[in-house]
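Notes follow once the structure below has been shown.
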Amino acid sequence: MRKYLLGALMLTAIIILSACSSSSGTKVEDIKNNGKIVVATESEFAPFEFKTLINGKDELVGADIELAKAIGDKLGVEVEFSVMSFNNVLASLQSGKADIAIAGISVTDERKNIYDFSDSYYESENVVIIKKTNLNTYTSISSLSKQSIGAQKGSIQETTAKDQFQDSSIVSLTSNGEMINELKSGQLQAVVLEKAIAEGYIAQNDDLTLANFSLKSDGTDAYAVAVSKGSDELLEQINQVITEVKSSGKFDQWLAKASTYTQVDSSDDSSE
Ligand code: ARG
């Protein structure tokens with residue numbers, strides 16, 4: 001009788017233990033066994049991740065894409081990109097659909113409650129983009145009161161816009177390309193984006209410009225790779241890659257290379 005009881009107890013302990021270990025983060029070993037790492041990303045965020053035409057075919061390019069490939073190389077596995085709307089990127093870690101997320105994701109205290117982050121690999125800041133013809137009209141936050149301001153759904157810019165443009169109407173859109181189109185057509189009067197992204201759009205649209213006023217800074221805005229909580233060994237590997245590509249200048253080269261590509265509109269297929 002005692003033997004059975006002991007056996008049952010041990011069995012229960014084993015079940016509990018294995019349940020715990022499978023829920024505590026993504027294991028490097030599992031990734032290696034699968035032979036691939038699934039990377040959640042988005043595709044309208046040049047120069048970090050976007051689509052361009054190469055030999056007549058849409059290809060996912062950008063500095064984050066290169067970073068993901070370097071992580072794949074480090075682990076000796078293939079990289080499978082899972083492209084989705086930005087507002088689904090982090091959640092895909094929780095549901096186990098992706099192993100890591102790389103999408104110009106800013107580290108925030110709120111996000112840190114739910115996910116773990118690598119060391120940061122890029123520093124960013126928010127800017128306001130408007131039509132050139134409105135440069136002398138929209139000269140301050142208050143000059144945009146009662147106007148419509150765009151920000152990407154699920155991004156920190158959405159929160160910043162809501163906090164700082166309290167008398168404006170904030171329109172959250174899934175696609176940055178669509179937001180830019182609405183700005184050009186006059187449905188939106190301003191859009192809040194991060195500087196490098198805004199500059200990319202301005203370079204391709206000579207009717208757009210940066211507004212002459214700045215937003216209040218909400219502290220540092222740094223991009224990092226996100227993983228599910230408890231993926232410590234995986235984070236260690238990712239951090240080694242980040243240290244290497246930053247110190248060797250590779251990350252900057254990837255950014256420079258990315259800015260030579262033209263972003264193609266992918267708003268149709270990023271609305272998952
Ligand atoms: N850095 C901002 C954030 O984390 C925006 C990122 C948007 N990324 C993208 N691929 N659209 O909220």
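If you're wondering about the labels, chains in the structure tokens are A, B, ... by order shown, residues count from 1 in each chain, ligands from 1 in order shown.
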
When the cut-off is 8 Å and you count only C-alpha atoms and all ligand atoms, which residues lie near ligand 1, shown as an MDAnalysis selection string?
chainID A and resid 41:45 48:49 85:86 102:107 124 152 154:158 175:176 193:194 221:223

Export, as a tab-separated table (two decimals), in the first residue's frame, the selected residues with N, CA, C and O atoms.
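So the final result, stored in part.tsv, reads:
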chain	number	residue	atom	x	y	z
A	41	THR	N	6.97	39.21	-36.25
A	41	THR	CA	7.34	40.56	-36.66
A	41	THR	C	6.18	41.19	-37.43
A	41	THR	O	5.09	40.61	-37.53
A	42	GLU	N	6.43	42.39	-37.93
A	42	GLU	CA	5.42	43.13	-38.67
A	42	GLU	C	6.11	43.50	-39.97
A	42	GLU	O	7.27	43.14	-40.17
A	43	SER	N	5.42	44.19	-40.90
A	43	SER	CA	6.14	44.40	-42.17
A	43	SER	C	6.00	45.81	-42.75
A	43	SER	O	6.16	46.01	-43.95
A	44	GLU	N	5.71	46.78	-41.89
A	44	GLU	CA	5.63	48.16	-42.39
A	44	GLU	C	6.36	49.09	-41.45
A	44	GLU	O	5.76	50.02	-40.88
A	45	PHE	N	7.62	48.83	-41.27
A	45	PHE	CA	8.37	49.59	-40.27
A	45	PHE	C	9.81	49.78	-40.74
A	45	PHE	O	10.76	49.37	-40.08
A	48	PHE	N	13.48	48.98	-40.17
A	48	PHE	CA	13.68	47.80	-39.31
A	48	PHE	C	13.07	46.52	-39.89
A	48	PHE	O	13.71	45.47	-39.88
A	49	GLU	N	11.81	46.60	-40.35
A	49	GLU	CA	11.22	45.44	-41.03
A	49	GLU	C	10.19	45.95	-42.02
A	49	GLU	O	9.29	46.69	-41.66
A	85	SER	N	0.01	41.84	-37.58
A	85	SER	CA	-0.16	43.23	-37.17
A	85	SER	C	0.63	43.47	-35.90
A	85	SER	O	0.78	42.57	-35.08
A	86	PHE	N	1.11	44.72	-35.75
A	86	PHE	CA	1.95	44.99	-34.58
A	86	PHE	C	1.23	44.68	-33.27
A	86	PHE	O	1.82	44.16	-32.33
A	102	ILE	N	10.60	40.35	-32.74
A	102	ILE	CA	11.51	41.45	-33.10
A	102	ILE	C	10.73	42.36	-34.05
A	102	ILE	O	10.43	41.98	-35.18
A	103	ALA	N	10.38	43.53	-33.58
A	103	ALA	CA	9.56	44.43	-34.41
A	103	ALA	C	9.71	45.87	-33.94
A	103	ALA	O	8.73	46.59	-33.80
A	104	GLY	N	10.93	46.27	-33.69
A	104	GLY	CA	11.15	47.63	-33.17
A	104	GLY	C	10.40	47.82	-31.87
A	104	GLY	O	9.85	48.89	-31.60
A	105	ILE	N	10.39	46.78	-31.05
A	105	ILE	CA	9.58	46.80	-29.83
A	105	ILE	C	10.29	47.57	-28.72
A	105	ILE	O	11.41	47.25	-28.32
A	106	SER	N	9.63	48.59	-28.23
A	106	SER	CA	10.19	49.41	-27.16
A	106	SER	C	9.95	48.73	-25.82
A	106	SER	O	8.88	48.20	-25.56
A	107	VAL	N	10.97	48.79	-24.98
A	107	VAL	CA	10.85	48.21	-23.64
A	107	VAL	C	10.08	49.19	-22.75
A	107	VAL	O	10.44	50.36	-22.69
A	124	SER	N	15.40	55.31	-29.73
A	124	SER	CA	14.48	56.01	-30.62
A	124	SER	C	13.82	57.18	-29.90
A	124	SER	O	13.95	57.31	-28.69
A	152	GLN	N	-0.08	54.09	-34.43
A	152	GLN	CA	-0.28	52.67	-34.72
A	152	GLN	C	-0.89	51.94	-33.52
A	152	GLN	O	-0.48	52.13	-32.37
A	154	GLY	N	-1.63	49.54	-30.71
A	154	GLY	CA	-0.79	48.69	-29.86
A	154	GLY	C	0.61	49.23	-29.65
A	154	GLY	O	1.40	48.63	-28.92
A	155	SER	N	0.92	50.38	-30.27
A	155	SER	CA	2.28	50.93	-30.13
A	155	SER	C	2.33	51.90	-28.95
A	155	SER	O	1.28	52.37	-28.48
A	156	ILE	N	3.54	52.22	-28.52
A	156	ILE	CA	3.66	53.19	-27.44
A	156	ILE	C	3.28	54.60	-27.93
A	156	ILE	O	2.95	55.46	-27.14
A	157	GLN	N	3.31	54.79	-29.26
A	157	GLN	CA	2.92	56.09	-29.81
A	157	GLN	C	1.42	56.35	-29.59
A	157	GLN	O	0.99	57.48	-29.47
A	158	GLU	N	0.66	55.25	-29.54
A	158	GLU	CA	-0.78	55.39	-29.28
A	158	GLU	C	-0.99	56.00	-27.89
A	158	GLU	O	-1.77	56.94	-27.72
A	175	SER	N	-2.08	49.75	-39.74
A	175	SER	CA	-1.02	49.86	-40.73
A	175	SER	C	-0.44	51.27	-40.81
A	175	SER	O	-1.15	52.25	-40.98
A	176	ASN	N	0.89	51.35	-40.69
A	176	ASN	CA	1.55	52.65	-40.82
A	176	ASN	C	1.36	53.24	-42.21
A	176	ASN	O	1.20	54.45	-42.37
A	193	LEU	N	5.00	59.05	-34.89
A	193	LEU	CA	5.83	57.90	-35.25
A	193	LEU	C	7.20	58.09	-34.60
A	193	LEU	O	7.51	59.17	-34.11
A	194	GLU	N	8.02	57.03	-34.64
A	194	GLU	CA	9.39	57.20	-34.19
A	194	GLU	C	10.22	57.79	-35.32
A	194	GLU	O	9.90	57.64	-36.50
A	221	ASP	N	13.36	55.50	-25.05
A	221	ASP	CA	12.60	54.62	-25.94
A	221	ASP	C	13.66	53.74	-26.60
A	221	ASP	O	14.36	54.16	-27.51
A	222	ALA	N	13.81	52.51	-26.09
A	222	ALA	CA	14.85	51.62	-26.61
A	222	ALA	C	14.23	50.32	-27.11
A	222	ALA	O	13.35	49.76	-26.47
A	223	TYR	N	14.70	49.89	-28.26
A	223	TYR	CA	14.20	48.64	-28.86
A	223	TYR	C	14.95	47.43	-28.32
A	223	TYR	O	16.17	47.48	-28.17

For A:Val79, work out the shell of residues within 12 Å, counting only C-alpha atoms and skipping chain neighbours fewer than 3 positions away, then give it as a PyMOL selection string.
chain A and resi 31-32+34-41+65-76+82+98-101

Can those selected residues be exported to a file as a JSON list (two decimals), in the first residue's frame so that it contains N, CA and C atoms?
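See part.json below for the written result:
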[["chain", "number", "residue", "atom", "x", "y", "z"],
["A", 31, "ILE", "N", 14.15, 24.81, -29.42],
["A", 31, "ILE", "CA", 14.36, 25.49, -30.70],
["A", 31, "ILE", "C", 15.31, 24.67, -31.56],
["A", 32, "LYS", "N", 16.38, 24.19, -30.93],
["A", 32, "LYS", "CA", 17.37, 23.39, -31.68],
["A", 32, "LYS", "C", 16.74, 22.09, -32.17],
["A", 34, "ASN", "N", 13.67, 21.62, -32.90],
["A", 34, "ASN", "CA", 12.74, 21.94, -34.00],
["A", 34, "ASN", "C", 13.49, 22.31, -35.28],
["A", 35, "GLY", "N", 14.76, 22.70, -35.11],
["A", 35, "GLY", "CA", 15.56, 23.11, -36.26],
["A", 35, "GLY", "C", 15.19, 24.48, -36.79],
["A", 36, "LYS", "N", 14.33, 25.19, -36.06],
["A", 36, "LYS", "CA", 13.96, 26.55, -36.51],
["A", 36, "LYS", "C", 13.51, 27.41, -35.33],
["A", 37, "ILE", "N", 13.65, 28.71, -35.53],
["A", 37, "ILE", "CA", 13.15, 29.65, -34.54],
["A", 37, "ILE", "C", 12.05, 30.48, -35.22],
["A", 38, "VAL", "N", 10.91, 30.58, -34.57],
["A", 38, "VAL", "CA", 9.79, 31.35, -35.15],
["A", 38, "VAL", "C", 9.85, 32.77, -34.58],
["A", 39, "VAL", "N", 9.96, 33.73, -35.49],
["A", 39, "VAL", "CA", 10.12, 35.13, -35.10],
["A", 39, "VAL", "C", 8.87, 35.92, -35.48],
["A", 40, "ALA", "N", 8.20, 36.46, -34.49],
["A", 40, "ALA", "CA", 7.03, 37.30, -34.76],
["A", 40, "ALA", "C", 7.51, 38.68, -35.15],
["A", 41, "THR", "N", 6.97, 39.21, -36.25],
["A", 41, "THR", "CA", 7.34, 40.56, -36.66],
["A", 41, "THR", "C", 6.18, 41.19, -37.43],
["A", 65, "ILE", "N", 15.30, 42.22, -39.33],
["A", 65, "ILE", "CA", 15.27, 40.95, -40.05],
["A", 65, "ILE", "C", 16.67, 40.33, -40.04],
["A", 66, "GLU", "N", 17.68, 41.20, -40.25],
["A", 66, "GLU", "CA", 19.07, 40.73, -40.19],
["A", 66, "GLU", "C", 19.42, 40.26, -38.79],
["A", 67, "LEU", "N", 18.94, 40.99, -37.79],
["A", 67, "LEU", "CA", 19.20, 40.60, -36.40],
["A", 67, "LEU", "C", 18.60, 39.21, -36.13],
["A", 68, "ALA", "N", 17.39, 38.99, -36.60],
["A", 68, "ALA", "CA", 16.74, 37.69, -36.42],
["A", 68, "ALA", "C", 17.57, 36.59, -37.08],
["A", 69, "LYS", "N", 18.08, 36.88, -38.28],
["A", 69, "LYS", "CA", 18.89, 35.88, -38.99],
["A", 69, "LYS", "C", 20.19, 35.59, -38.24],
["A", 70, "ALA", "N", 20.77, 36.64, -37.64],
["A", 70, "ALA", "CA", 22.01, 36.44, -36.87],
["A", 70, "ALA", "C", 21.73, 35.57, -35.64],
["A", 71, "ILE", "N", 20.55, 35.75, -35.04],
["A", 71, "ILE", "CA", 20.17, 34.92, -33.89],
["A", 71, "ILE", "C", 19.98, 33.47, -34.34],
["A", 72, "GLY", "N", 19.35, 33.30, -35.49],
["A", 72, "GLY", "CA", 19.19, 31.95, -36.06],
["A", 72, "GLY", "C", 20.54, 31.29, -36.30],
["A", 73, "ASP", "N", 21.49, 32.06, -36.86],
["A", 73, "ASP", "CA", 22.84, 31.53, -37.11],
["A", 73, "ASP", "C", 23.51, 31.10, -35.81],
["A", 74, "LYS", "N", 23.38, 31.96, -34.81],
["A", 74, "LYS", "CA", 24.01, 31.68, -33.51],
["A", 74, "LYS", "C", 23.50, 30.35, -32.93],
["A", 75, "LEU", "N", 22.19, 30.11, -33.11],
["A", 75, "LEU", "CA", 21.60, 28.88, -32.57],
["A", 75, "LEU", "C", 21.72, 27.71, -33.54],
["A", 76, "GLY", "N", 22.17, 28.03, -34.76],
["A", 76, "GLY", "CA", 22.31, 26.99, -35.77],
["A", 76, "GLY", "C", 20.98, 26.48, -36.30],
["A", 82, "SER", "N", 7.06, 35.10, -38.83],
["A", 82, "SER", "CA", 5.61, 35.08, -38.78],
["A", 82, "SER", "C", 5.16, 36.55, -38.76],
["A", 98, "ALA", "N", 4.99, 32.10, -31.42],
["A", 98, "ALA", "CA", 6.33, 32.52, -31.81],
["A", 98, "ALA", "C", 7.30, 32.30, -30.66],
["A", 99, "ASP", "N", 8.58, 32.09, -30.99],
["A", 99, "ASP", "CA", 9.60, 31.92, -29.96],
["A", 99, "ASP", "C", 10.13, 33.25, -29.46],
["A", 100, "ILE", "N", 10.30, 34.18, -30.40],
["A", 100, "ILE", "CA", 10.79, 35.51, -30.04],
["A", 100, "ILE", "C", 10.04, 36.55, -30.88],
["A", 101, "ALA", "N", 10.08, 37.80, -30.45],
["A", 101, "ALA", "CA", 9.44, 38.87, -31.22],
["A", 101, "ALA", "C", 10.46, 39.98, -31.46]]

A:Glu199 proximity check over A:Met84, A:Val245, A:Ala46, A:Leu144, using only C-alpha atoms: winner is A:Ala46

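Using only C-alpha atoms for every distance, the candidate list A:Lys51, A:Ala63, A:Ala151, A:Lys184 yields A:Ala63 as the residue closest to A:Lys257.
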
Nearest to A:Ile149, chosen from A:Ala224, A:Ala256, A:Val61, A:Val171, with only C-alpha atoms counted in the distances
A:Val171

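With only C-alpha atoms as the atoms that count, the minimum distance from A:Asn88 to the choices A:Asp109, A:Thr174, A:Gln189, A:Gly219 is reached by A:Thr174.
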
Apply DSSP to the structure's backbone, then extract all residues of stretch 62-248 of chain A labelled strand (DSSP E or B) and return them as a VMD selection string.
chain A and resid 78 to 83 100 to 101 106 115 to 124 126 to 131 148 to 152 169 to 173 190 to 194 208 to 210 221 to 228

Write out as an mmCIF file with C-alpha atoms, in the first residue's frame the residues lying within 7 Å of A:Lys229, counting only C-alpha atoms and excluding same-chain residues fewer than 5 positions away.
data_model
loop_
_atom_site.group_PDB
_atom_site.id
_atom_site.type_symbol
_atom_site.label_atom_id
_atom_site.label_comp_id
_atom_site.auth_asym_id
_atom_site.auth_seq_id
_atom_site.Cartn_x
_atom_site.Cartn_y
_atom_site.Cartn_z
ATOM 1 C CA SER A 24 8.578 28.666 -17.941
ATOM 2 C CA GLY A 25 9.785 30.263 -21.112
ATOM 3 C CA ILE A 114 4.399 40.223 -18.994
ATOM 4 C CA TYR A 115 7.494 39.601 -21.177
ATOM 5 C CA ASP A 116 11.233 39.489 -20.807
#
